[in-house]
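What follows is the content of start08.txt (compact mmCIF, N, CA and C atoms).
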# COMPACT_ATOMS: atom_id res chain seq x y z
N MET A 68 11.21 14.29 7.58
CA MET A 68 10.20 13.25 7.63
C MET A 68 9.79 12.89 6.20
N ILE A 69 9.48 11.63 6.00
CA ILE A 69 9.03 11.12 4.71
C ILE A 69 7.63 11.65 4.43
N THR A 70 7.40 12.08 3.20
CA THR A 70 6.06 12.46 2.76
C THR A 70 5.60 11.43 1.74
N LEU A 71 4.52 10.76 2.05
CA LEU A 71 3.95 9.73 1.19
C LEU A 71 2.80 10.34 0.40
N HIS A 72 2.92 10.33 -0.90
CA HIS A 72 1.84 10.80 -1.77
C HIS A 72 1.13 9.58 -2.34
N GLN A 73 -0.18 9.53 -2.08
CA GLN A 73 -0.97 8.37 -2.49
C GLN A 73 -2.43 8.76 -2.58
N PHE A 74 -3.25 7.84 -3.09
CA PHE A 74 -4.68 8.05 -3.11
C PHE A 74 -5.22 7.86 -1.70
N GLY A 75 -6.44 8.30 -1.46
CA GLY A 75 -7.05 8.18 -0.14
C GLY A 75 -7.76 6.86 0.06
N PRO A 76 -8.27 6.65 1.27
CA PRO A 76 -9.01 5.42 1.58
C PRO A 76 -10.27 5.29 0.71
N ALA A 77 -10.66 4.05 0.44
CA ALA A 77 -11.88 3.77 -0.32
C ALA A 77 -12.34 2.34 -0.06
N PHE A 78 -13.63 2.10 -0.17
CA PHE A 78 -14.22 0.78 -0.01
C PHE A 78 -13.91 0.15 1.35
N GLY A 79 -13.69 0.97 2.37
CA GLY A 79 -13.36 0.45 3.69
C GLY A 79 -11.92 -0.03 3.81
N LEU A 80 -11.11 0.23 2.79
CA LEU A 80 -9.69 -0.15 2.80
C LEU A 80 -8.86 1.09 3.06
N PRO A 81 -7.64 0.92 3.57
CA PRO A 81 -6.76 2.08 3.73
C PRO A 81 -6.49 2.76 2.41
N ASN A 82 -6.52 2.00 1.32
CA ASN A 82 -6.29 2.56 -0.01
C ASN A 82 -6.83 1.59 -1.05
N ALA A 83 -7.48 2.11 -2.07
CA ALA A 83 -8.01 1.24 -3.12
C ALA A 83 -6.94 0.82 -4.12
N SER A 84 -5.78 1.44 -4.07
CA SER A 84 -4.67 1.05 -4.93
C SER A 84 -3.79 0.05 -4.19
N PRO A 85 -3.63 -1.16 -4.71
CA PRO A 85 -2.75 -2.12 -4.04
C PRO A 85 -1.32 -1.60 -3.90
N PHE A 86 -0.86 -0.82 -4.86
CA PHE A 86 0.51 -0.32 -4.80
C PHE A 86 0.68 0.71 -3.69
N CYS A 87 -0.30 1.61 -3.56
CA CYS A 87 -0.26 2.59 -2.47
C CYS A 87 -0.39 1.89 -1.12
N MET A 88 -1.32 0.94 -1.04
CA MET A 88 -1.54 0.22 0.22
C MET A 88 -0.31 -0.59 0.61
N LYS A 89 0.33 -1.19 -0.36
CA LYS A 89 1.57 -1.95 -0.11
C LYS A 89 2.61 -1.05 0.54
N LEU A 90 2.82 0.14 -0.03
CA LEU A 90 3.85 1.02 0.49
C LEU A 90 3.50 1.54 1.88
N GLU A 91 2.26 1.96 2.09
CA GLU A 91 1.90 2.45 3.42
C GLU A 91 1.99 1.33 4.46
N THR A 92 1.56 0.13 4.09
CA THR A 92 1.66 -1.01 5.01
C THR A 92 3.12 -1.26 5.36
N TRP A 93 3.98 -1.21 4.37
CA TRP A 93 5.40 -1.44 4.62
C TRP A 93 5.98 -0.35 5.53
N LEU A 94 5.64 0.90 5.29
CA LEU A 94 6.13 1.99 6.15
C LEU A 94 5.69 1.76 7.60
N ARG A 95 4.45 1.34 7.78
CA ARG A 95 3.96 1.04 9.14
C ARG A 95 4.69 -0.15 9.74
N MET A 96 4.90 -1.20 8.94
CA MET A 96 5.60 -2.38 9.43
C MET A 96 7.03 -2.04 9.85
N ALA A 97 7.66 -1.17 9.08
CA ALA A 97 9.04 -0.78 9.36
C ALA A 97 9.13 0.23 10.50
N GLY A 98 7.99 0.80 10.90
CA GLY A 98 7.99 1.78 11.98
C GLY A 98 8.61 3.12 11.58
N LEU A 99 8.61 3.42 10.28
CA LEU A 99 9.20 4.68 9.82
C LEU A 99 8.18 5.81 9.92
N PRO A 100 8.57 6.93 10.50
CA PRO A 100 7.63 8.05 10.58
C PRO A 100 7.41 8.66 9.19
N TYR A 101 6.16 8.98 8.90
CA TYR A 101 5.84 9.58 7.61
C TYR A 101 4.57 10.40 7.78
N ARG A 102 4.34 11.24 6.81
CA ARG A 102 3.06 11.94 6.75
C ARG A 102 2.48 11.68 5.37
N ALA A 103 1.16 11.65 5.31
CA ALA A 103 0.47 11.40 4.04
C ALA A 103 -0.58 12.50 3.85
N PRO A 104 -0.20 13.58 3.18
CA PRO A 104 -1.17 14.66 3.00
C PRO A 104 -2.34 14.21 2.13
N GLU A 105 -3.45 14.92 2.27
CA GLU A 105 -4.63 14.61 1.45
C GLU A 105 -4.26 14.69 -0.03
N MET A 106 -4.74 13.73 -0.79
CA MET A 106 -4.42 13.64 -2.22
C MET A 106 -4.94 14.86 -2.97
N ARG A 107 -4.07 15.43 -3.78
CA ARG A 107 -4.45 16.52 -4.67
C ARG A 107 -3.95 16.15 -6.07
N LEU A 108 -4.71 16.56 -7.08
CA LEU A 108 -4.30 16.24 -8.45
C LEU A 108 -2.94 16.82 -8.78
N SER A 109 -2.57 17.94 -8.16
CA SER A 109 -1.25 18.52 -8.43
C SER A 109 -0.13 17.57 -7.99
N ALA A 110 -0.38 16.76 -6.95
CA ALA A 110 0.62 15.80 -6.50
C ALA A 110 0.87 14.75 -7.57
N LEU A 111 -0.17 14.36 -8.28
CA LEU A 111 -0.01 13.38 -9.35
C LEU A 111 0.85 13.96 -10.47
N GLY A 112 0.69 15.23 -10.73
CA GLY A 112 1.49 15.89 -11.77
C GLY A 112 2.96 15.97 -11.42
N ARG A 113 3.29 15.92 -10.14
CA ARG A 113 4.69 15.97 -9.71
C ARG A 113 5.32 14.59 -9.56
N ALA A 114 4.50 13.56 -9.70
CA ALA A 114 5.02 12.19 -9.56
C ALA A 114 6.02 11.90 -10.68
N PRO A 115 7.18 11.34 -10.34
CA PRO A 115 8.20 11.10 -11.36
C PRO A 115 7.72 10.28 -12.55
N LYS A 116 6.86 9.31 -12.31
CA LYS A 116 6.35 8.48 -13.40
C LYS A 116 4.89 8.81 -13.73
N GLY A 117 4.36 9.87 -13.12
CA GLY A 117 2.96 10.23 -13.34
C GLY A 117 1.98 9.28 -12.68
N LYS A 118 2.47 8.50 -11.68
CA LYS A 118 1.64 7.51 -11.00
C LYS A 118 1.84 7.61 -9.50
N MET A 119 0.86 7.11 -8.76
CA MET A 119 0.95 7.00 -7.32
C MET A 119 1.34 5.57 -6.98
N PRO A 120 2.00 5.31 -5.87
CA PRO A 120 2.47 6.26 -4.88
C PRO A 120 3.88 6.74 -5.22
N TYR A 121 4.27 7.77 -4.50
CA TYR A 121 5.67 8.19 -4.50
C TYR A 121 5.95 8.86 -3.17
N ILE A 122 7.23 8.96 -2.84
CA ILE A 122 7.62 9.62 -1.59
C ILE A 122 8.57 10.76 -1.89
N ILE A 123 8.61 11.67 -0.96
CA ILE A 123 9.64 12.70 -0.93
C ILE A 123 10.35 12.52 0.40
N ASP A 124 11.64 12.31 0.33
CA ASP A 124 12.48 12.14 1.52
C ASP A 124 13.63 13.13 1.40
N GLY A 125 13.51 14.25 2.07
CA GLY A 125 14.52 15.30 1.93
C GLY A 125 14.49 15.85 0.52
N ASP A 126 15.61 15.76 -0.17
CA ASP A 126 15.68 16.28 -1.54
C ASP A 126 15.46 15.19 -2.59
N LYS A 127 15.10 13.99 -2.15
CA LYS A 127 14.89 12.88 -3.09
C LYS A 127 13.40 12.60 -3.28
N THR A 128 13.01 12.42 -4.51
CA THR A 128 11.65 12.00 -4.85
C THR A 128 11.77 10.65 -5.53
N ILE A 129 11.05 9.66 -4.98
CA ILE A 129 11.16 8.29 -5.48
C ILE A 129 9.76 7.74 -5.74
N SER A 130 9.59 7.16 -6.91
CA SER A 130 8.29 6.57 -7.23
C SER A 130 8.42 5.06 -7.34
N ASP A 131 7.28 4.40 -7.47
CA ASP A 131 7.16 2.95 -7.58
C ASP A 131 7.37 2.34 -6.20
N SER A 132 6.33 1.70 -5.69
CA SER A 132 6.36 1.18 -4.32
C SER A 132 7.54 0.25 -4.07
N THR A 133 7.90 -0.57 -5.03
CA THR A 133 9.03 -1.48 -4.83
C THR A 133 10.34 -0.72 -4.74
N PHE A 134 10.54 0.28 -5.59
CA PHE A 134 11.75 1.08 -5.53
C PHE A 134 11.85 1.83 -4.21
N VAL A 135 10.72 2.32 -3.72
CA VAL A 135 10.73 3.04 -2.44
C VAL A 135 11.16 2.10 -1.32
N ILE A 136 10.58 0.92 -1.28
CA ILE A 136 10.94 -0.04 -0.22
C ILE A 136 12.42 -0.42 -0.34
N ASP A 137 12.87 -0.67 -1.56
CA ASP A 137 14.29 -0.98 -1.76
C ASP A 137 15.18 0.18 -1.33
N TYR A 138 14.72 1.40 -1.55
CA TYR A 138 15.47 2.60 -1.15
C TYR A 138 15.74 2.59 0.36
N PHE A 139 14.77 2.14 1.14
CA PHE A 139 14.94 2.16 2.60
C PHE A 139 15.71 0.97 3.13
N LEU A 140 15.38 -0.24 2.70
CA LEU A 140 15.98 -1.42 3.33
C LEU A 140 16.58 -2.44 2.39
N GLY A 141 16.36 -2.30 1.13
CA GLY A 141 16.80 -3.37 0.24
C GLY A 141 15.79 -4.49 0.25
N ASP A 142 16.21 -5.66 -0.12
CA ASP A 142 15.30 -6.80 -0.22
C ASP A 142 15.05 -7.37 1.17
N ALA A 143 13.88 -7.09 1.74
CA ALA A 143 13.54 -7.54 3.09
C ALA A 143 12.28 -8.39 3.04
N PRO A 144 12.15 -9.37 3.94
CA PRO A 144 10.96 -10.22 3.94
C PRO A 144 9.66 -9.44 4.06
N SER A 145 9.65 -8.32 4.72
CA SER A 145 8.41 -7.58 4.91
C SER A 145 7.85 -7.03 3.60
N THR A 146 8.67 -6.91 2.59
CA THR A 146 8.20 -6.45 1.28
C THR A 146 7.13 -7.39 0.74
N LEU A 147 7.34 -8.68 0.86
CA LEU A 147 6.38 -9.66 0.37
C LEU A 147 5.07 -9.56 1.15
N ASP A 148 5.16 -9.41 2.47
CA ASP A 148 3.94 -9.30 3.26
C ASP A 148 3.14 -8.05 2.88
N ALA A 149 3.81 -6.93 2.70
CA ALA A 149 3.12 -5.70 2.33
C ALA A 149 2.45 -5.86 0.97
N THR A 150 3.13 -6.50 0.05
CA THR A 150 2.58 -6.71 -1.30
C THR A 150 1.38 -7.65 -1.25
N ALA A 151 1.55 -8.78 -0.58
CA ALA A 151 0.46 -9.76 -0.51
C ALA A 151 -0.77 -9.15 0.14
N TYR A 152 -0.59 -8.44 1.25
CA TYR A 152 -1.73 -7.82 1.93
C TYR A 152 -2.43 -6.82 1.03
N ALA A 153 -1.68 -5.98 0.37
CA ALA A 153 -2.28 -4.94 -0.48
C ALA A 153 -3.14 -5.56 -1.58
N PHE A 154 -2.62 -6.57 -2.25
CA PHE A 154 -3.37 -7.16 -3.35
C PHE A 154 -4.52 -8.03 -2.86
N LEU A 155 -4.29 -8.83 -1.81
CA LEU A 155 -5.35 -9.70 -1.32
C LEU A 155 -6.50 -8.90 -0.70
N ALA A 156 -6.20 -7.86 0.07
CA ALA A 156 -7.26 -7.06 0.67
C ALA A 156 -8.11 -6.40 -0.40
N ASN A 157 -7.47 -5.90 -1.45
CA ASN A 157 -8.23 -5.30 -2.55
C ASN A 157 -9.07 -6.37 -3.26
N LEU A 158 -8.55 -7.53 -3.43
CA LEU A 158 -9.29 -8.61 -4.08
C LEU A 158 -10.48 -9.03 -3.23
N LEU A 159 -10.25 -9.25 -1.93
CA LEU A 159 -11.28 -9.81 -1.06
C LEU A 159 -12.32 -8.79 -0.58
N TRP A 160 -11.93 -7.53 -0.37
CA TRP A 160 -12.82 -6.60 0.32
C TRP A 160 -13.42 -5.51 -0.54
N VAL A 161 -12.94 -5.30 -1.74
CA VAL A 161 -13.57 -4.31 -2.62
C VAL A 161 -14.87 -4.93 -3.13
N PRO A 162 -15.98 -4.17 -3.10
CA PRO A 162 -17.27 -4.75 -3.47
C PRO A 162 -17.46 -4.93 -4.98
N VAL A 163 -16.58 -5.71 -5.58
CA VAL A 163 -16.68 -6.06 -6.99
C VAL A 163 -16.47 -7.58 -7.08
N GLU A 164 -17.41 -8.25 -7.69
CA GLU A 164 -17.31 -9.71 -7.80
C GLU A 164 -16.50 -10.10 -9.03
N SER A 165 -15.76 -11.19 -8.90
CA SER A 165 -14.99 -11.73 -10.02
C SER A 165 -14.74 -13.21 -9.75
N PRO A 166 -14.42 -13.98 -10.79
CA PRO A 166 -14.10 -15.39 -10.58
C PRO A 166 -12.90 -15.57 -9.64
N LEU A 167 -11.93 -14.67 -9.73
CA LEU A 167 -10.76 -14.76 -8.85
C LEU A 167 -11.16 -14.55 -7.39
N LYS A 168 -12.05 -13.60 -7.15
CA LYS A 168 -12.53 -13.35 -5.78
C LYS A 168 -13.27 -14.58 -5.25
N VAL A 169 -14.14 -15.17 -6.07
CA VAL A 169 -14.88 -16.38 -5.67
C VAL A 169 -13.89 -17.49 -5.31
N HIS A 170 -12.86 -17.66 -6.12
CA HIS A 170 -11.86 -18.69 -5.85
C HIS A 170 -11.09 -18.39 -4.56
N ALA A 171 -10.67 -17.15 -4.39
CA ALA A 171 -9.89 -16.77 -3.19
C ALA A 171 -10.69 -16.98 -1.91
N ARG A 172 -11.99 -16.78 -1.97
CA ARG A 172 -12.84 -16.95 -0.78
C ARG A 172 -12.91 -18.42 -0.33
N GLN A 173 -12.47 -19.33 -1.16
CA GLN A 173 -12.43 -20.75 -0.77
C GLN A 173 -11.30 -21.03 0.22
N TYR A 174 -10.44 -20.05 0.42
CA TYR A 174 -9.29 -20.20 1.31
C TYR A 174 -9.40 -19.20 2.45
N PRO A 175 -10.07 -19.58 3.54
CA PRO A 175 -10.31 -18.64 4.64
C PRO A 175 -9.02 -18.10 5.27
N GLN A 176 -7.92 -18.81 5.09
CA GLN A 176 -6.66 -18.33 5.65
C GLN A 176 -6.21 -17.03 4.97
N LEU A 177 -6.62 -16.80 3.72
CA LEU A 177 -6.26 -15.54 3.05
C LEU A 177 -6.94 -14.35 3.72
N GLU A 178 -8.23 -14.51 4.01
CA GLU A 178 -8.94 -13.43 4.69
C GLU A 178 -8.43 -13.26 6.12
N ALA A 179 -8.12 -14.36 6.79
CA ALA A 179 -7.58 -14.28 8.15
C ALA A 179 -6.24 -13.53 8.14
N TYR A 180 -5.41 -13.82 7.17
CA TYR A 180 -4.12 -13.12 7.02
C TYR A 180 -4.35 -11.62 6.85
N CYS A 181 -5.30 -11.26 5.98
CA CYS A 181 -5.59 -9.85 5.75
C CYS A 181 -6.12 -9.17 7.01
N ARG A 182 -6.99 -9.86 7.75
CA ARG A 182 -7.50 -9.27 9.00
C ARG A 182 -6.36 -9.04 10.00
N ARG A 183 -5.45 -10.00 10.11
CA ARG A 183 -4.31 -9.83 11.04
C ARG A 183 -3.44 -8.64 10.63
N MET A 184 -3.17 -8.53 9.34
CA MET A 184 -2.36 -7.40 8.85
C MET A 184 -3.06 -6.08 9.13
N ARG A 185 -4.36 -6.02 8.85
CA ARG A 185 -5.11 -4.77 9.07
C ARG A 185 -5.12 -4.41 10.56
N GLU A 186 -5.38 -5.37 11.41
CA GLU A 186 -5.41 -5.10 12.85
C GLU A 186 -4.06 -4.67 13.37
N ARG A 187 -3.00 -5.30 12.91
CA ARG A 187 -1.66 -4.98 13.41
C ARG A 187 -1.15 -3.63 12.93
N TYR A 188 -1.37 -3.30 11.65
CA TYR A 188 -0.77 -2.10 11.10
C TYR A 188 -1.74 -0.94 10.88
N TYR A 189 -3.03 -1.21 10.91
CA TYR A 189 -4.01 -0.13 10.71
C TYR A 189 -4.99 -0.02 11.86
N GLY A 190 -4.90 -0.97 12.82
CA GLY A 190 -5.85 -1.02 13.93
C GLY A 190 -5.70 0.08 14.85
So that I can check it, write out the structure of this file as structure tokens.
Amino acid sequence: MITLHQFGPAFGLPNASPFCMKLETWLRMAGLPYRAPEMRLSALGRAPKGKMPYIIDGDKTISDSTFVIDYFLGDAPSTLDATAYAFLANLLWVPVESPLKVHARQYPQLEAYCRRMRERYYG
């Protein structure tokens, strides 16, 4: 089984890191079984690039969310959806104001997209 090493939930999001959230969203979209143990600092020390997320699949350890997704399926349309959701949800729902957030809120379809993704893959 795949072991996903990532940060934990924060700010009401599955993950405060868009990269971690992208990878977990993609794993859920692909229907791949995985486990995500509670984050420990020692896991960060074992990360190939010293960053989260990374996976362990058998004897392979792979870091960088894009490389992990490519490792499983190559270039697939769901990669874009996982990336867009991860970044937009962090932009729209983390309680930090910014000019970019104000601008993004002018497009209700962005928030609707994020709600659909959350309901489908995290609901």
Problem set entry | Proximity to Glu91 (chain A) - best of A:Tyr188, A:Leu158, A:Asp124, A:Ser165, all atoms listed in the file |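 For Glu91 (chain A), the nearest of the given residues is A:Tyr188.
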With a distance cut-off of 5 Å and all atoms listed in the file, select the neighbouring residues of Lys89 (chain A), excluding the residue or stretch itself and same-chain residues fewer than 2 positions from it, and output the selection as a tab-separated table (two decimals) with N, CA and C atoms, keeping the file's coordinate frame.
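This is the output file selection_5.tsv:
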chain	number	residue	atom	x	y	z
A	85	PRO	N	-3.63	-1.16	-4.71
A	85	PRO	CA	-2.75	-2.12	-4.04
A	85	PRO	C	-1.32	-1.60	-3.90
A	86	PHE	N	-0.86	-0.82	-4.86
A	86	PHE	CA	0.51	-0.32	-4.80
A	86	PHE	C	0.68	0.71	-3.69
A	87	CYS	N	-0.30	1.61	-3.56
A	87	CYS	CA	-0.26	2.59	-2.47
A	87	CYS	C	-0.39	1.89	-1.12
A	91	GLU	N	2.26	1.96	2.09
A	91	GLU	CA	1.90	2.45	3.42
A	91	GLU	C	1.99	1.33	4.46
A	92	THR	N	1.56	0.13	4.09
A	92	THR	CA	1.66	-1.01	5.01
A	92	THR	C	3.12	-1.26	5.36
A	93	TRP	N	3.98	-1.21	4.37
A	93	TRP	CA	5.40	-1.44	4.62
A	93	TRP	C	5.98	-0.35	5.53
A	149	ALA	N	3.81	-6.93	2.70
A	149	ALA	CA	3.12	-5.70	2.33
A	149	ALA	C	2.45	-5.86	0.97
A	150	THR	N	3.13	-6.50	0.05
A	150	THR	CA	2.58	-6.71	-1.30
A	150	THR	C	1.38	-7.65	-1.25
A	153	ALA	N	-1.68	-5.98	0.37
A	153	ALA	CA	-2.28	-4.94	-0.48
A	153	ALA	C	-3.14	-5.56	-1.58
Exercise. So which residues touch Leu155 (chain A) within 8 Å, counting only C-alpha atoms, skipping near sequence neighbours fewer than 4 positions away, as a PyMOL selection string?
Worked result: chain A and resi 151+159+177-178+181
Would you save the residues of that selection, restricted to N, CA and C atoms, as an mmCIF file, in the frame of the given file?
data_model
loop_
_atom_site.group_PDB
_atom_site.id
_atom_site.type_symbol
_atom_site.label_atom_id
_atom_site.label_comp_id
_atom_site.auth_asym_id
_atom_site.auth_seq_id
_atom_site.Cartn_x
_atom_site.Cartn_y
_atom_site.Cartn_z
ATOM 1 N N ALA A 151 1.550 -8.780 -0.580
ATOM 2 C CA ALA A 151 0.460 -9.760 -0.510
ATOM 3 C C ALA A 151 -0.770 -9.150 0.140
ATOM 4 N N LEU A 159 -10.250 -9.250 -1.930
ATOM 5 C CA LEU A 159 -11.280 -9.810 -1.060
ATOM 6 C C LEU A 159 -12.320 -8.790 -0.580
ATOM 7 N N LEU A 177 -6.620 -16.800 3.720
ATOM 8 C CA LEU A 177 -6.260 -15.540 3.050
ATOM 9 C C LEU A 177 -6.940 -14.350 3.720
ATOM 10 N N GLU A 178 -8.230 -14.510 4.010
ATOM 11 C CA GLU A 178 -8.940 -13.430 4.690
ATOM 12 C C GLU A 178 -8.430 -13.260 6.120
ATOM 13 N N CYS A 181 -5.300 -11.260 5.980
ATOM 14 C CA CYS A 181 -5.590 -9.850 5.750
ATOM 15 C C CYS A 181 -6.120 -9.170 7.010
#
For this session: Would you kindly return, as number ranges by chain, each protein, DNA or RNA residue with an atom no farther than 6.5 Å from any atom of Ile123 (chain A), considering only N, CA and C atoms and excluding same-chain residues fewer than 6 positions away?
Result: A: 68-72, 129
Problem set entry | Backbone DSSP call of strand (DSSP E or B) for chain A, listed as a list in words |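 Reading the DSSP output for chain A, strand (DSSP E or B) covers Ile69, Thr70, Leu71, His72, Ala77, Leu80, Tyr101, Arg102, Tyr121, Ile122, Ile123, Asp124, Lys127, Thr128, Ile129 and Ser130 of chain A.
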Exercise. Rounded to one decimal in Å, what is the spacing between CA of Leu111 (chain A) and CA of Phe74 (chain A)?
Worked result: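 CA of Leu111 (chain A) sits 9.4 Å away from CA of Phe74 (chain A).
Relative to CA of Leu90 (chain A), atom C of Ser132 (chain A) is found at 5.9 Å.
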Problem set entry | chain A: residues DSSP assigns to helix (DSSP H, G or I), reported as a PyMOL selection string | chain A and resi 85-97+108-113+132-140+144-160+166-171+175-189
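If you look at CA of Tyr101 (chain A) and CA of Pro162 (chain A), they are 29.4 Å away from each other.
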Test item: axis-aligned box, all listed atoms of region 158-173 of chain A, 3 Å on each side, centre and edges in Å rounded to one decimal, as JSON:
{"center_x": -13.0, "center_y": -12.6, "center_z": -5.2, "size_x": 14.9, "size_y": 22.9, "size_z": 17.1}
For this session: Please provide as a list in words all residues within 10 Å of Asn157 (chain A), with the sequence filter that same-chain residues fewer than 6 positions apart are discarded (counting only C-alpha atoms).
Result: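 My list of contacting residues is Phe78, Gly79, Leu80, Pro81, Asn82, Ala83, Ser84, Pro85, Met88, Ala151, Val163, Lys168 and Cys181 of chain A.
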Exercise. With all atoms listed in the file as the atoms that count, which of A:Lys118, A:Gly125, A:Thr146, A:Gln73 lies nearest to Glu105 (chain A)?
Worked result: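 For Glu105 (chain A), the nearest of the given residues is A:Gln73.
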